[in-house]
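Chemist: Structure provided below as structure tokens; questions to follow.
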Amino acid sequence: MKNALIVNNLTLSVPSSKGRVTVVDDVSFDIPAGTKVGLVGESGSGKSLTAYSLMRLIKDPVRIDKGEIYIGDREILGMSMKEFRHMRGNDISMIYQDPMSALNPIMRIGAQIIESIQLHSDVNHSQARKLAIEHLASVGIPEPDRRIDSYPFEMSGGMLQRVVIAIALSGEPKVLIADEATTALDVTTQDRVLTLIDKLAAERGLSVLLITHDLGVAAQFSDEIMVMYAGKLVERGSVNQIFSNPVHPYTKALLDSRCDYTIDVTKPINSIAGQPPRPDNRPEGCVFSPRCEHVQLQCREGVPPLISVQDRLAACFRADELFHVGMVH
Amino acid sequence: MKFKSRFSFSGFLILLILGICLAAPILSPYDPNAIGVADSFSGPTGKHWFGADDLGRDLLSRILYGGRITILIAMSATLIALIIGTLWGLTAGVRRGWVDEFLMRTADATMAIPQILFALVCISAVGASVISLPIVVGILLSPTTARMARSAVVTELSSDYVVAAIASGTKRSRLIISEVMPNIAPQLLVQLSINAAAAVMLEATLSFIGLGIQPPNASWGTLMLQGYAKIWNTYWFVFFPAMAVTITILAFNAYGERIRVTMDSRRSSI
């Protein structure tokens, strides 16, 4: 299948008292057209920075040191900002964590959608307004012809997120990035918004990158899941592989630290000992080695590459072995 | 604190002061420059409500006419400060980097010069007139406006909806006009009101030290200067113009505060 998005060796750094430190380290992945990929990780694992790189929203002091990003077949990091501006919204769009603040508080939502439509296509105001009403209807806003004249503060969070989605999709992009798009919403609304994105993605053949720290959300929504830890991609596989059969010790530990009432309420919830390393204090070798219960000497000496293990990708020297001895459950 | 009604006493007072000054020719009982020696040093009486000065000129009429000059100078100065300050702050906030450093350090440097000293030098160089005074006062007020505008612009530019607009491919010029400016307008309005109060004060101060509008025309500051010499014998010479200045400044400051509070309660109620 053709890839809608390819990221090669993306490396980001920030300045610190010890010089520039790497926060996203040599991350490579691709998203096949029409696929929904979940990117999960803890706070500070670099998942949002990765997403912002795709939109070229990285600002000083964060810097992209290395890497290539292809959207469709065009490399975006090398092109001029002026050239890339035309791709924003048309080829790649983003929706945000907090819909309340992602909309201009003093502009009617209609005006904001119309602005976005006119930015991406050559239509006059009344045509754009008609399109805006259609867009609002397609994201499930009741009475779109009346709601179009509402201000953001007159609408609920879930409705606003729908408006944000309508704006994001108004340029008919091929790739949609959802950066913690449901985190600020309550659980029932979260579910509805996810279902909506799912439906729209299916209708339009969108590729979606869903960034979240919520494993449940990622599992419900995605076809594939990528796990990030301390700036590194540690495992990538199908939802089934990741959830029932993780091979990377970090993925396994992450799953064990979930609170899952459906399986066994008496089972204690494990936590991962220690803390994720600070970016200026990352360990030699595998980044997870100081907290890993399966650590060996080689883990502390070399960095494990992200390689194919058991039909998925994992960055662990012992992945194959751990899979066979049944680390899982 | 939230205001239930849209009515604002300070706003009403400002309109009233502006109205009275505008209508000075209709309202004032006498020609402000008409000399009537018979009434020299008259205290407040039925004939001269606010008294009369050493040449027998009616103080009420002089205050009404003086208000026109004071308000005119204050308003033009405020407008000049708003335009210079906003462009100054906007450029710094949008450009950032060394441009920002340069512009803001220039603002700091300008603010470090004592206002009166700066005005003294400028006015002595070009002379006091209804043109030079607003320009000097406007320039004096612009660095604070620039600072305020810059911080508002920087805050807006880093807000999510601006990032969202950038991410959907909006041009920078469009971003500033349709996203940033309308959102910093309330803050600019507050600053406008504070500046107006400061401009009235500065004009009065400059006139009081003899750098203002020259006789026979008079602004409130000039009237105070004239009255000050005779404060022990004829207190009303200085009392009434001073009251006019005080009430005007209070009204502008209160109005600025009112806008600020209204804006805050709106923001927090969202």
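Convention: chains lettered A, B, ... in structure tokens order; per-chain residue numbering from 1; ligands numbered from 1 as shown.
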Please identify all residues of chain A having at least one atom at most 10 Å from any atom of chain B, considering only C-alpha atoms, and return them as a VMD selection string.
Modeler: chain A and resid 52 55 to 57 82 84 to 107 112 115 to 117 119 to 120 152 to 154 164 167 to 171
Chemist: For stretch 20-32 of chain B, work out the shell of residues within 6 Å, counting only C-alpha atoms and skipping chain neighbours fewer than 4 positions away, then give it as a PyMOL selection string.
Modeler: chain B and resi 61-62+64-65+67-68
Chemist: Given the choices B:Leu82, B:Val121, B:Ala146, B:Val136, which gets closest to B:Leu103 if the distance is worked out from only C-alpha atoms?
Modeler: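 With only C-alpha atoms as the atom set, the closest residue is B:Ala146.
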Chemist: Do you have the atom CA of A:Val234-atom CA of A:Pro279 distance handy?
Modeler: 16.2 Å
Chemist: At what distance in Å, to one decimal, does atom CA of B:Ile176 lie from atom CA of B:Thr86?
Modeler: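 These atoms are spaced 12.2 Å apart.
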